[in-house]
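input.txt follows (compact mmCIF, C-alpha atoms (C1' of nucleotides)):
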```
# COMPACT_ATOMS: atom_id res chain seq x y z
CA MET A 20 12.68 -3.81 -44.83
CA ALA A 21 11.81 -2.39 -41.42
CA THR A 22 14.00 0.37 -40.13
CA PRO A 23 15.55 -0.01 -36.63
CA VAL A 24 13.02 2.37 -35.15
CA ASP A 25 10.11 0.35 -36.48
CA ARG A 26 11.30 -2.97 -35.12
CA ARG A 27 11.94 -1.53 -31.74
CA ASP A 28 8.43 -0.08 -31.65
CA VAL A 29 6.91 -3.41 -32.68
CA ILE A 30 8.75 -5.15 -29.86
CA LEU A 31 7.48 -2.61 -27.34
CA GLU A 32 3.95 -2.88 -28.64
CA ARG A 33 3.81 -6.65 -28.61
CA ALA A 34 5.59 -6.94 -25.30
CA ALA A 35 3.22 -4.45 -23.73
CA ASP A 36 0.29 -6.54 -24.88
CA LEU A 37 1.73 -9.73 -23.43
CA PHE A 38 2.89 -8.13 -20.18
CA ALA A 39 -0.55 -6.66 -19.65
CA LYS A 40 -2.27 -9.97 -20.30
CA GLN A 41 0.05 -12.31 -18.43
CA GLY A 42 2.20 -10.20 -16.17
CA VAL A 43 5.85 -9.45 -16.70
CA ALA A 44 7.25 -12.44 -14.84
CA ALA A 45 5.05 -14.91 -16.66
CA THR A 46 5.91 -13.54 -20.10
CA THR A 47 9.02 -15.11 -21.65
CA VAL A 48 11.35 -13.51 -24.08
CA ARG A 49 10.54 -16.35 -26.48
CA GLU A 50 6.88 -15.37 -26.41
CA ILE A 51 7.71 -11.76 -27.11
CA ALA A 52 10.00 -12.72 -29.97
CA GLU A 53 7.37 -14.99 -31.48
CA ALA A 54 4.76 -12.25 -31.30
CA VAL A 55 7.18 -10.01 -33.19
CA GLY A 56 8.14 -12.69 -35.69
CA ILE A 57 11.81 -13.08 -34.79
CA LEU A 58 13.78 -15.35 -32.49
CA SER A 59 14.43 -14.47 -28.86
CA GLY A 60 18.16 -13.92 -29.28
CA SER A 61 17.43 -11.10 -31.66
CA LEU A 62 15.62 -9.06 -29.01
CA TYR A 63 19.00 -8.37 -27.44
CA HIS A 64 20.06 -6.45 -30.46
CA HIS A 65 17.47 -3.83 -29.60
CA PHE A 66 17.27 -4.04 -25.80
CA ALA A 67 19.87 -4.96 -23.22
CA SER A 68 17.43 -7.00 -21.17
CA LYS A 69 13.82 -7.93 -20.62
CA ASP A 70 13.77 -5.35 -17.83
CA GLU A 71 14.77 -2.69 -20.26
CA ILE A 72 11.71 -3.51 -22.36
CA VAL A 73 9.46 -3.09 -19.35
CA ASP A 74 11.15 0.15 -18.39
CA ALA A 75 10.80 1.56 -21.87
CA ILE A 76 7.07 0.83 -21.96
CA VAL A 77 6.30 2.27 -18.55
CA THR A 78 8.64 5.23 -18.88
CA SER A 79 7.06 6.32 -22.15
CA PHE A 80 3.61 6.14 -20.59
CA MET A 81 4.66 8.03 -17.49
CA GLU A 82 6.39 10.80 -19.36
CA ASP A 83 3.35 11.28 -21.56
CA LEU A 84 1.12 11.39 -18.47
CA VAL A 85 3.27 13.92 -16.65
CA THR A 86 3.37 16.16 -19.71
CA ARG A 87 -0.42 16.11 -19.93
CA TYR A 88 -0.86 16.74 -16.21
CA ASP A 89 1.52 19.67 -16.30
CA ALA A 90 -0.48 21.14 -19.16
CA VAL A 91 -3.75 20.77 -17.24
CA LEU A 92 -2.43 22.42 -14.10
CA ALA A 93 -0.84 25.20 -16.14
CA SER A 94 -4.09 26.03 -17.89
CA GLU A 95 -6.75 25.57 -15.18
CA SER A 96 -7.09 27.10 -11.76
CA ASP A 97 -10.64 26.14 -10.77
CA PRO A 98 -10.51 22.89 -8.75
CA HIS A 99 -13.41 21.31 -10.58
CA ALA A 100 -11.92 22.16 -13.96
CA GLN A 101 -8.57 20.84 -12.81
CA LEU A 102 -10.12 17.58 -11.73
CA VAL A 103 -11.95 17.20 -15.03
CA GLY A 104 -8.69 17.96 -16.81
CA LEU A 105 -6.74 15.36 -14.85
CA VAL A 106 -9.42 12.74 -15.53
CA ARG A 107 -9.44 13.50 -19.24
CA ALA A 108 -5.66 13.52 -19.39
CA SER A 109 -5.48 10.18 -17.58
CA ILE A 110 -8.00 8.53 -19.85
CA ALA A 111 -6.37 9.97 -22.96
CA THR A 112 -2.97 8.72 -21.86
CA SER A 113 -4.42 5.32 -21.08
CA ALA A 114 -5.94 5.18 -24.56
CA GLU A 115 -2.62 6.15 -26.10
CA HIS A 116 -0.72 3.48 -24.18
CA PRO A 117 -3.28 0.68 -24.20
CA HIS A 118 -1.30 -1.68 -22.03
CA ALA A 119 1.11 0.39 -20.00
CA THR A 120 -1.49 1.19 -17.39
CA GLU A 121 -2.23 -2.45 -16.79
CA ILE A 122 1.45 -3.21 -16.49
CA TYR A 123 1.96 -0.32 -14.12
CA GLN A 124 -0.98 -1.36 -11.94
CA ASN A 125 -0.01 -5.01 -11.77
CA ASP A 126 3.71 -4.87 -11.82
CA ALA A 127 4.44 -1.80 -9.76
CA ARG A 128 6.03 -4.16 -7.21
CA TYR A 129 8.27 -5.50 -9.91
CA LEU A 130 9.40 -2.02 -10.85
CA GLN A 131 9.91 -1.01 -7.26
CA ALA A 132 11.78 -4.18 -6.45
CA ASP A 133 14.35 -3.21 -9.05
CA ASP A 134 14.32 0.34 -7.83
CA GLY A 135 12.47 1.10 -11.04
CA SER A 136 13.70 3.63 -13.43
CA ALA A 137 14.27 7.13 -12.18
CA ALA A 138 11.83 8.57 -14.70
CA VAL A 139 9.05 6.26 -13.54
CA VAL A 140 9.61 6.89 -9.85
CA LYS A 141 9.79 10.64 -10.36
CA GLY A 142 6.76 10.61 -12.64
CA ALA A 143 4.69 8.65 -10.14
CA ARG A 144 5.49 11.23 -7.52
CA THR A 145 4.48 14.05 -9.85
CA VAL A 146 1.22 12.32 -10.69
CA ARG A 147 0.33 11.80 -7.08
CA SER A 148 1.07 15.38 -6.09
CA ALA A 149 -1.02 16.72 -8.93
CA TRP A 150 -4.06 14.93 -7.55
CA ILE A 151 -3.36 15.80 -3.94
CA GLN A 152 -2.91 19.43 -4.91
CA VAL A 153 -6.23 19.52 -6.74
CA LEU A 154 -8.17 17.71 -4.03
CA GLU A 155 -6.69 19.76 -1.21
CA GLY A 156 -7.06 22.99 -3.17
CA GLY A 157 -10.67 22.12 -3.88
CA ALA A 158 -11.39 21.36 -0.25
CA ALA A 159 -9.75 24.59 0.89
CA ALA A 160 -11.79 26.51 -1.69
CA GLY A 161 -14.99 24.89 -0.47
CA VAL A 162 -15.56 23.11 -3.80
CA PHE A 163 -14.79 19.57 -2.60
CA ARG A 164 -15.76 17.98 0.70
CA ASP A 165 -13.27 18.08 3.51
CA ASP A 166 -14.91 15.62 5.91
CA VAL A 167 -13.30 12.62 4.20
CA PRO A 168 -9.49 12.72 4.34
CA VAL A 169 -7.81 13.35 1.00
CA LYS A 170 -5.54 10.37 1.70
CA VAL A 171 -8.70 8.25 1.44
CA VAL A 172 -10.42 10.12 -1.40
CA TYR A 173 -7.37 10.07 -3.63
CA PRO A 174 -6.79 6.30 -3.79
CA LEU A 175 -10.50 5.69 -4.39
CA LEU A 176 -10.47 8.08 -7.36
CA ARG A 177 -7.11 6.80 -8.55
CA ASP A 178 -8.01 3.13 -8.57
CA GLY A 179 -11.40 3.60 -10.20
CA LEU A 180 -9.76 5.71 -12.85
CA TRP A 181 -6.74 3.64 -13.73
CA LEU A 182 -8.47 0.33 -13.78
CA THR A 183 -10.79 1.58 -16.51
CA ALA A 184 -7.92 0.45 -18.72
CA ARG A 185 -8.74 -3.10 -17.71
CA TRP A 186 -12.41 -3.20 -18.62
CA PHE A 187 -13.29 -0.25 -20.82
CA VAL A 188 -13.76 -0.81 -24.52
CA PRO A 189 -14.83 2.27 -26.45
CA THR A 190 -17.69 1.99 -28.92
CA ARG A 191 -18.87 4.36 -31.56
CA THR A 192 -21.45 5.89 -29.29
CA TYR A 193 -19.65 5.63 -25.96
CA GLY A 194 -16.03 6.63 -26.21
CA TYR A 195 -13.32 7.99 -23.98
CA ASP A 196 -14.98 11.39 -23.68
CA GLU A 197 -18.19 9.83 -22.45
CA LEU A 198 -16.29 7.68 -19.97
CA ALA A 199 -14.46 10.72 -18.62
CA ALA A 200 -17.72 12.63 -18.26
CA ASP A 201 -19.43 9.76 -16.47
CA TYR A 202 -16.46 9.17 -14.24
CA VAL A 203 -16.64 12.81 -13.15
CA LYS A 204 -20.36 12.53 -12.54
CA VAL A 205 -19.95 9.45 -10.35
CA PHE A 206 -17.13 10.86 -8.29
CA VAL A 207 -18.11 14.49 -8.07
CA ASP A 208 -21.85 14.16 -7.68
CA GLY A 209 -22.05 10.59 -6.42
CA ILE A 210 -24.52 7.92 -7.39
CA ALA A 211 -27.34 9.10 -5.20
CA ARG A 212 -30.18 10.62 -7.10
CA MET B 16 4.53 -30.86 16.93
CA ALA B 17 2.20 -29.16 14.47
CA THR B 18 -0.83 -31.06 13.36
CA PRO B 19 -1.45 -31.46 9.62
CA VAL B 20 -4.14 -28.81 9.71
CA ASP B 21 -1.81 -26.26 11.27
CA ARG B 22 1.00 -26.75 8.79
CA ARG B 23 -1.36 -26.52 5.89
CA ASP B 24 -2.72 -23.25 7.24
CA VAL B 25 0.77 -21.87 7.71
CA ILE B 26 1.61 -22.68 4.11
CA LEU B 27 -1.52 -20.93 2.88
CA GLU B 28 -0.85 -17.91 5.03
CA ARG B 29 2.76 -17.51 4.01
CA ALA B 30 2.08 -18.23 0.37
CA ALA B 31 -0.73 -15.69 0.31
CA ASP B 32 1.63 -13.07 1.65
CA LEU B 33 4.27 -13.82 -0.97
CA PHE B 34 1.80 -14.11 -3.85
CA ALA B 35 0.29 -10.77 -2.94
CA LYS B 36 3.66 -9.08 -2.76
CA GLN B 37 5.35 -10.61 -5.79
CA GLY B 38 2.67 -12.17 -7.92
CA VAL B 39 2.05 -15.87 -8.28
CA ALA B 40 4.38 -16.47 -11.20
CA ALA B 41 7.28 -14.69 -9.56
CA THR B 42 6.94 -16.59 -6.29
CA THR B 43 8.85 -19.87 -6.20
CA VAL B 44 7.96 -22.94 -4.20
CA ARG B 45 11.38 -22.64 -2.54
CA GLU B 46 10.46 -19.17 -1.26
CA ILE B 47 7.18 -20.43 0.11
CA ALA B 48 8.89 -23.37 1.79
CA GLU B 49 11.52 -21.14 3.30
CA ALA B 50 8.88 -18.79 4.68
CA VAL B 51 7.22 -21.81 6.30
CA GLY B 52 10.49 -23.24 7.58
CA ILE B 53 10.57 -26.44 5.55
CA LEU B 54 12.09 -27.50 2.25
CA SER B 55 10.22 -27.17 -1.02
CA GLY B 56 9.78 -30.89 -1.60
CA SER B 57 7.76 -31.06 1.58
CA LEU B 58 5.06 -28.75 0.27
CA TYR B 59 3.90 -31.59 -1.95
CA HIS B 60 2.91 -33.59 1.05
CA HIS B 61 0.19 -31.04 1.72
CA PHE B 62 -0.67 -29.74 -1.76
CA ALA B 63 -0.57 -31.44 -5.13
CA SER B 64 0.85 -28.38 -6.86
CA LYS B 65 1.61 -24.70 -6.57
CA ASP B 66 -1.65 -24.03 -8.41
CA GLU B 67 -3.55 -25.87 -5.73
CA ILE B 68 -2.11 -23.48 -3.14
CA VAL B 69 -3.33 -20.51 -5.16
CA ASP B 70 -6.74 -22.07 -5.61
CA ALA B 71 -7.10 -22.82 -1.93
CA ILE B 72 -6.33 -19.24 -0.99
CA VAL B 73 -8.65 -17.63 -3.49
CA THR B 74 -11.44 -20.16 -3.03
CA SER B 75 -11.53 -19.62 0.71
CA PHE B 76 -11.76 -15.88 0.22
CA MET B 77 -14.45 -16.15 -2.42
CA GLU B 78 -16.61 -18.51 -0.40
CA ASP B 79 -16.42 -16.23 2.58
CA LEU B 80 -17.36 -13.25 0.42
CA VAL B 81 -20.33 -14.98 -1.17
CA THR B 82 -21.62 -16.05 2.23
CA ARG B 83 -21.45 -12.49 3.50
CA TYR B 84 -23.08 -11.09 0.38
CA ASP B 85 -25.92 -13.59 0.58
CA ALA B 86 -26.48 -12.54 4.17
CA VAL B 87 -26.63 -8.87 3.23
CA LEU B 88 -29.11 -9.38 0.43
CA ALA B 89 -31.21 -11.65 2.62
CA SER B 90 -31.48 -9.07 5.36
CA GLU B 91 -31.76 -5.73 3.49
CA SER B 92 -34.18 -4.59 0.85
CA ASP B 93 -33.52 -0.85 0.69
CA PRO B 94 -30.98 -0.20 -2.09
CA HIS B 95 -28.92 2.19 -0.01
CA ALA B 96 -28.78 -0.23 2.91
CA GLN B 97 -27.89 -3.05 0.55
CA LEU B 98 -25.05 -1.04 -0.91
CA VAL B 99 -23.74 -0.15 2.53
CA GLY B 100 -23.99 -3.81 3.46
CA LEU B 101 -22.08 -4.97 0.40
CA VAL B 102 -19.36 -2.43 1.08
CA ARG B 103 -19.03 -3.45 4.69
CA ALA B 104 -19.04 -7.13 3.78
CA SER B 105 -16.36 -6.57 1.16
CA ILE B 106 -14.11 -4.68 3.51
CA ALA B 107 -14.64 -7.19 6.28
CA THR B 108 -13.77 -10.07 3.97
CA SER B 109 -10.73 -8.23 2.75
CA ALA B 110 -9.59 -7.73 6.34
CA GLU B 111 -10.13 -11.41 7.07
CA HIS B 112 -8.14 -12.53 4.04
CA PRO B 113 -5.42 -9.91 4.01
CA HIS B 114 -3.79 -11.05 0.82
CA ALA B 115 -6.37 -12.92 -1.17
CA THR B 116 -7.84 -9.76 -2.60
CA GLU B 117 -4.51 -8.63 -3.95
CA ILE B 118 -3.92 -12.04 -5.49
CA TYR B 119 -7.38 -12.04 -7.01
CA GLN B 120 -6.95 -8.56 -8.47
CA ASN B 121 -3.52 -9.21 -9.91
CA ASP B 122 -3.70 -12.80 -10.89
CA ALA B 123 -7.24 -13.16 -12.12
CA ARG B 124 -5.77 -13.78 -15.58
CA TYR B 125 -3.71 -16.58 -14.14
CA LEU B 126 -6.77 -18.18 -12.62
CA GLN B 127 -8.80 -17.74 -15.76
CA ALA B 128 -6.04 -19.05 -17.96
CA ASP B 129 -6.24 -22.32 -16.07
CA ASP B 130 -10.00 -22.21 -16.16
CA GLY B 131 -9.72 -21.41 -12.48
CA SER B 132 -11.50 -23.41 -9.93
CA ALA B 133 -15.21 -23.82 -10.29
CA ALA B 134 -15.84 -22.27 -6.89
CA VAL B 135 -13.92 -19.13 -7.79
CA VAL B 136 -15.58 -18.70 -11.16
CA LYS B 137 -19.03 -19.26 -9.70
CA GLY B 138 -18.32 -17.00 -6.77
CA ALA B 139 -17.10 -14.19 -8.99
CA ARG B 140 -20.34 -14.39 -10.93
CA THR B 141 -22.37 -14.25 -7.74
CA VAL B 142 -20.42 -11.25 -6.51
CA ARG B 143 -20.93 -9.36 -9.72
CA SER B 144 -24.66 -10.06 -9.84
CA ALA B 145 -25.12 -8.93 -6.29
CA TRP B 146 -23.76 -5.51 -7.19
CA ILE B 147 -25.62 -5.26 -10.45
CA GLN B 148 -28.83 -6.21 -8.71
CA VAL B 149 -28.37 -3.53 -6.07
CA LEU B 150 -27.38 -0.80 -8.51
CA GLU B 151 -30.14 -1.59 -10.97
CA GLY B 152 -32.70 -2.00 -8.19
CA GLY B 153 -31.64 1.32 -6.74
CA ALA B 154 -31.91 3.07 -10.09
CA ALA B 155 -35.35 1.57 -10.70
CA ALA B 156 -36.44 2.69 -7.24
CA GLY B 157 -35.20 6.22 -7.88
CA VAL B 158 -32.55 5.97 -5.15
CA PHE B 159 -29.51 5.81 -7.45
CA ARG B 160 -28.90 7.76 -10.62
CA ASP B 161 -29.81 6.14 -13.89
CA ASP B 162 -28.11 8.51 -16.32
CA VAL B 163 -24.77 6.73 -16.00
CA PRO B 164 -24.93 3.11 -17.18
CA VAL B 165 -24.60 0.52 -14.41
CA LYS B 166 -21.97 -1.26 -16.50
CA VAL B 167 -19.83 1.86 -15.96
CA VAL B 168 -20.81 2.60 -12.35
CA TYR B 169 -20.17 -0.93 -11.16
CA PRO B 170 -16.50 -1.26 -12.19
CA LEU B 171 -15.72 2.17 -10.77
CA LEU B 172 -17.17 1.15 -7.41
CA ARG B 173 -15.63 -2.31 -7.61
CA ASP B 174 -12.10 -1.17 -8.33
CA GLY B 175 -12.08 1.60 -5.76
CA LEU B 176 -13.35 -0.87 -3.21
CA TRP B 177 -11.15 -3.87 -3.82
CA LEU B 178 -7.94 -1.97 -4.18
CA THR B 179 -8.37 -0.56 -0.69
CA ALA B 180 -6.68 -3.85 0.23
CA ARG B 181 -3.55 -2.56 -1.44
CA TRP B 182 -3.18 0.73 0.41
CA PHE B 183 -5.36 0.75 3.48
CA VAL B 184 -3.75 0.24 6.86
CA PRO B 185 -6.16 0.51 9.79
CA THR B 186 -5.18 2.59 12.79
CA ARG B 187 -6.72 2.80 16.21
CA THR B 188 -8.80 5.82 15.27
CA TYR B 189 -9.50 5.04 11.62
CA GLY B 190 -10.39 1.41 11.08
CA TYR B 191 -12.38 -0.67 8.64
CA ASP B 192 -15.69 0.77 9.78
CA GLU B 193 -14.52 4.30 9.12
CA LEU B 194 -13.18 3.31 5.73
CA ALA B 195 -16.49 1.71 4.78
CA ALA B 196 -18.39 4.79 5.91
CA ASP B 197 -16.14 7.15 3.97
CA TYR B 198 -16.22 4.94 0.90
CA VAL B 199 -20.01 5.16 0.95
CA LYS B 200 -19.89 8.92 1.37
CA VAL B 201 -17.55 9.36 -1.58
CA PHE B 202 -19.50 7.11 -3.93
CA VAL B 203 -23.04 7.83 -2.86
CA ASP B 204 -22.82 11.55 -2.23
CA GLY B 205 -19.75 12.36 -4.33
CA ILE B 206 -16.88 14.65 -3.46
CA ALA B 207 -18.61 17.88 -4.36
CA ARG B 208 -19.50 20.01 -1.40
C1' DT C 13 29.48 0.53 -62.85
C1' DC C 14 31.50 -2.66 -59.82
C1' DC C 15 33.40 -4.29 -55.72
C1' DA C 16 34.97 -4.30 -51.05
C1' DC C 17 33.91 -3.06 -46.68
C1' DC C 18 31.02 -1.90 -42.96
C1' DC C 19 26.87 -1.84 -40.43
C1' DT C 20 22.47 -3.55 -39.07
C1' DT C 21 19.60 -7.22 -38.17
C1' DC C 22 18.82 -11.65 -37.41
C1' DC C 23 19.51 -16.89 -36.79
C1' DA C 24 21.22 -20.70 -34.29
C1' DA C 25 23.22 -23.13 -30.73
C1' DG C 26 24.00 -23.35 -26.33
C1' DC C 27 25.34 -21.66 -21.51
C1' DG C 28 24.48 -21.49 -16.56
C1' DC C 29 20.98 -21.33 -13.81
C1' DT C 30 16.20 -21.82 -12.00
C1' DT C 31 11.75 -23.86 -11.84
C1' DG C 32 7.96 -27.18 -10.18
C1' DC C 33 7.91 -31.49 -8.97
C1' DT C 34 9.17 -36.71 -7.95
C1' DA C 35 10.63 -40.55 -5.40
C1' DG C 36 13.20 -42.93 -1.91
C1' DG C 37 14.24 -43.01 2.63
C1' DG C 38 14.56 -41.37 7.58
C1' DA C 39 12.69 -39.81 12.03
C1' DG C 40 9.39 -39.46 15.50
C1' DG C 41 5.11 -40.50 17.68
C1' DC C 42 1.45 -43.59 18.79
C1' DG D 20 4.71 -51.81 12.99
C1' DC D 21 2.42 -48.09 10.88
C1' DC D 22 1.54 -43.47 9.71
C1' DT D 23 2.61 -38.70 9.10
C1' DC D 24 5.74 -35.38 7.99
C1' DC D 25 9.83 -34.11 6.33
C1' DC D 26 14.61 -34.23 4.06
C1' DT D 27 17.39 -35.11 0.17
C1' DA D 28 18.92 -35.57 -4.29
C1' DG D 29 17.91 -34.92 -8.54
C1' DC D 30 14.91 -34.85 -12.89
C1' DA D 31 13.12 -32.60 -17.06
C1' DA D 32 11.89 -28.50 -18.80
C1' DG D 33 12.47 -23.93 -19.38
C1' DC D 34 14.44 -19.32 -18.37
C1' DG D 35 17.20 -14.86 -19.81
C1' DC D 36 20.97 -14.12 -22.12
C1' DT D 37 25.58 -14.71 -24.92
C1' DT D 38 28.27 -15.44 -28.87
C1' DG D 39 29.65 -16.58 -33.49
C1' DG D 40 28.29 -16.30 -37.89
C1' DA D 41 25.15 -15.31 -41.97
C1' DA D 42 22.53 -12.25 -44.92
C1' DG D 43 21.24 -8.03 -46.87
C1' DG D 44 21.72 -3.27 -47.83
C1' DG D 45 24.27 0.99 -48.23
C1' DT D 46 28.29 3.70 -49.21
C1' DG D 47 32.52 5.18 -51.08
C1' DG D 48 36.36 4.69 -53.99
C1' DA D 49 38.58 3.02 -58.12
```
Can you present the structure in this file as structure tokens?
Amino acid sequence: MATPVDRRDVILERAADLFAKQGVAATTVREIAEAVGILSGSLYHHFASKDEIVDAIVTSFMEDLVTRYDAVLASESDPHAQLVGLVRASIATSAEHPHATEIYQNDARYLQADDGSAAVVKGARTVRSAWIQVLEGGAAAGVFRDDVPVKVVYPLLRDGLWLTARWFVPTRTYGYDELAADYVKVFVDGIAR
Amino acid sequence: MATPVDRRDVILERAADLFAKQGVAATTVREIAEAVGILSGSLYHHFASKDEIVDAIVTSFMEDLVTRYDAVLASESDPHAQLVGLVRASIATSAEHPHATEIYQNDARYLQADDGSAAVVKGARTVRSAWIQVLEGGAAAGVFRDDVPVKVVYPLLRDGLWLTARWFVPTRTYGYDELAADYVKVFVDGIAR
DNA sequence: TCCACCCTTCCAAGCGCTTGCTAGGGAGGC
DNA sequence: GCCTCCCTAGCAAGCGCTTGGAAGGGTGGA
């Protein structure tokens, strides 16, 4: 018999999958319950609301991400190394939370509309400032270009990076490490030969 | 008194705005009707269903995009010029259809789940092949790098580009042309100094 | 060891409300 | 009179969630 912790995790996992595929609004509690193998009323034994399920998924992802970013910035000081670290941390977090990124990308409005959870809002701010700090630091140090505003560079990097969760499927010969390396090549060196 | 064409356009415009902000599933026909200034039952005089509204918005955008892409590829043969052309065409189309891009990015699953409209599916294929053609042609011509697979380069470019619709707000001194130019700088030359 | 009690988890039925949409009829313009 | 556009009332289906009760397992005391 599953322990309480296990069932709760299964709900989060299945819900994350459905939310990512269909969007939060279009996913019913009945669908989530069916995917878990229980009836929808039973979900409310574990979570107070559908919103709370969403929050739990995204909060877990965001906390993991912030922890990894903090570790990168604490251990690297060279802008290029920091950038590589942030990319690797992002991709590793995305791999660890296979659907949270998709939910966050697609349903950020949903979270904001409900004023989100404090942890998510705070985490998002931390994530953004990590990147801005690295890009600005790199430009100041003469490592990164400064002719394109950081407020333009950052969203281009951000969106390319986070939407890898939507299309990337690792294979035996081309995994997350290879993706991170190629991402850095494309953005740091460009596609020109 | 508004002519039928005008009212229909107003519905599409208002619906596009709401769909982009909230997602298709989370936008009710009552909200759309209210934004237009009529009651929800009246929408069905102009459109057979809510889905048809979505389709009309996305189809119009996609047709415009394909037309612009075809024009670029017909008039440029140098890979770099083609890439610049595709970028400029994408950004121009995005500016012309302020919300369709957001809908397409967020609700592509929705469209696919309903087998979408033939025009959208066909258009999406055309769009993708235009990029692949340019990237592969450029690599073969020694203009673009060939050490990173095109199937990785393309989605990075694509996502950075299309999500500009989500964050970019033109100002008097930094408009769509400047964005296109900076996008090209970032992706073609990279951010390294 | 056995039994009563408690807790956890779930089922089942249903609530109040919302959704996309229908169909009948009215109003205004030509 | 006819046509276009809209209002109105309401339908059927479905939504997130509540509530009462059942079932199973664990624990402690006699």
Taking 4 positions as the minimum chain separation for residues in the same chain, which residues sit within 7 Å of Ala119 (chain A) when counting all atoms listed in the file? Answer as a tab-separated table (two decimals) with C-alpha atoms, keeping the file's coordinate frame.
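In the end it all went to part-v1.tsv:
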```
chain	number	residue	atom	x	y	z
A	35	ALA	CA	3.22	-4.45	-23.73
A	76	ILE	CA	7.07	0.83	-21.96
A	77	VAL	CA	6.30	2.27	-18.55
A	80	PHE	CA	3.61	6.14	-20.59
A	123	TYR	CA	1.96	-0.32	-14.12
```
Pull the closest atom pair for each residue of chain C that gets at most 12 Å from region 35-46 of chain D, along with the distance in Å to one decimal, counting only C-alpha atoms (C1' of nucleotides), ordering rows by chain and then ascending residue number, as a tab-separated table.
```
residue	atom	partner	partner_atom	distance
C:DC15	C1'	D:DT46	C1'	11.5
C:DA16	C1'	D:DT46	C1'	10.6
C:DC17	C1'	D:DT46	C1'	9.1
C:DC18	C1'	D:DT46	C1'	8.8
C:DC19	C1'	D:DG45	C1'	8.7
C:DT20	C1'	D:DG44	C1'	8.8
C:DT21	C1'	D:DG43	C1'	8.9
C:DC22	C1'	D:DA42	C1'	8.4
C:DC23	C1'	D:DA41	C1'	7.8
C:DA24	C1'	D:DG40	C1'	9.1
C:DA25	C1'	D:DT38	C1'	9.4
C:DG26	C1'	D:DT37	C1'	8.9
C:DC27	C1'	D:DT37	C1'	7.7
C:DG28	C1'	D:DC36	C1'	9.9
C:DC29	C1'	D:DG35	C1'	9.6
C:DT30	C1'	D:DG35	C1'	10.5
```
Residue contacts of Gly175 (chain B) (6 Å, only C-alpha atoms (C1' of nucleotides)) excluding same-chain residues fewer than 2 positions away, as a list in words: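 The neighbour list is Leu175, Asp178 and Gly179 of chain A; Leu172, Arg173, Trp177 and Leu178 of chain B.
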At most 9 Å is the cut-off: for each residue in chain A with any atom that close to an atom of chain D, write down the nearest atom pair and the distance in Å rounded to one decimal, counting only C-alpha atoms (C1' of nucleotides), chain first then increasing number, as JSON lines.
```
{"residue": "A:Thr47", "atom": "CA", "partner": "D:DC34", "partner_atom": "C1'", "distance": 7.6}
{"residue": "A:Val48", "atom": "CA", "partner": "D:DG35", "partner_atom": "C1'", "distance": 7.4}
{"residue": "A:Gly60", "atom": "CA", "partner": "D:DC36", "partner_atom": "C1'", "distance": 7.7}
{"residue": "A:Tyr63", "atom": "CA", "partner": "D:DC36", "partner_atom": "C1'", "distance": 8.1}
{"residue": "A:Ser68", "atom": "CA", "partner": "D:DG35", "partner_atom": "C1'", "distance": 8.0}
{"residue": "A:Lys69", "atom": "CA", "partner": "D:DG35", "partner_atom": "C1'", "distance": 7.8}
```
Pairwise distance, CA of Gln101 (chain A) with CA of Val153 (chain A), equals 6.6 Å
Using only C-alpha atoms, which residue out of A:Thr112, A:Thr192, A:Ser148, A:Gln124 lies closest to chain B? A:Gln124
From the options A:Ala137, A:Val146, A:Leu102, A:Ala45, which residue's atoms come nearest to chain B, counting all atoms listed in the file?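 Using all atoms listed in the file, the shortest distance to chain B belongs to A:Ala45.
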Please identify all polymer residues within 10 Å of Gly205 (chain B), counting only C-alpha atoms (C1' of nucleotides), omitting same-chain residues fewer than 6 positions from it, and present them as a VMD selection string. (chain A and resid 163 to 164 203 to 211) or (chain B and resid 198 to 199)
Measuring atom to atom with only C-alpha atoms, identify which of B:Ala48, B:Ala35, B:Ala134, B:Ala63 is nearest to Asp79 (chain B). B:Ala134
Given only C-alpha atoms as the basis, pick out the residue of A:Ile51, A:Val29, A:Val171, A:Leu37 nearest to chain B.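 Residue with the minimum atom-to-atom distance to chain B: A:Val171.
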Atom-to-atom span, CA of Asp74 (chain A) and CA of Ile122 (chain A), Å: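 It comes out at 10.4 Å.
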Have a look at C1' of DC33 (chain C) and CA of Ile68 (chain B) and let me know their distance in Å, one decimal.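 Between C1' of DC33 (chain C) and CA of Ile68 (chain B) the gap works out to 14.1 Å.
Checking A:Phe66, A:Phe187, A:Tyr88, A:Tyr193 one by one against Gln152 (chain A), counting all atoms listed in the file, you find the shortest gap at A:Tyr88.
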Got a sec to pull out which chain C residues are within 12 Å of chain B, counting only C-alpha atoms (C1' of nucleotides), and send them as a PDB file with C-alpha atoms (C1' of nucleotides), in the frame of the given file?
```
ATOM      1  C1'  DT C  30      16.200 -21.820 -12.000  1.00  0.00           C
ATOM      2  C1'  DT C  31      11.750 -23.860 -11.840  1.00  0.00           C
ATOM      3  C1'  DG C  32       7.960 -27.180 -10.180  1.00  0.00           C
ATOM      4  C1'  DC C  33       7.910 -31.490  -8.970  1.00  0.00           C
ATOM      5  C1'  DT C  34       9.170 -36.710  -7.950  1.00  0.00           C
ATOM      6  C1'  DA C  35      10.630 -40.550  -5.400  1.00  0.00           C
ATOM      7  C1'  DG C  40       9.390 -39.460  15.500  1.00  0.00           C
ATOM      8  C1'  DG C  41       5.110 -40.500  17.680  1.00  0.00           C
TER       9       DG C  41
END
```
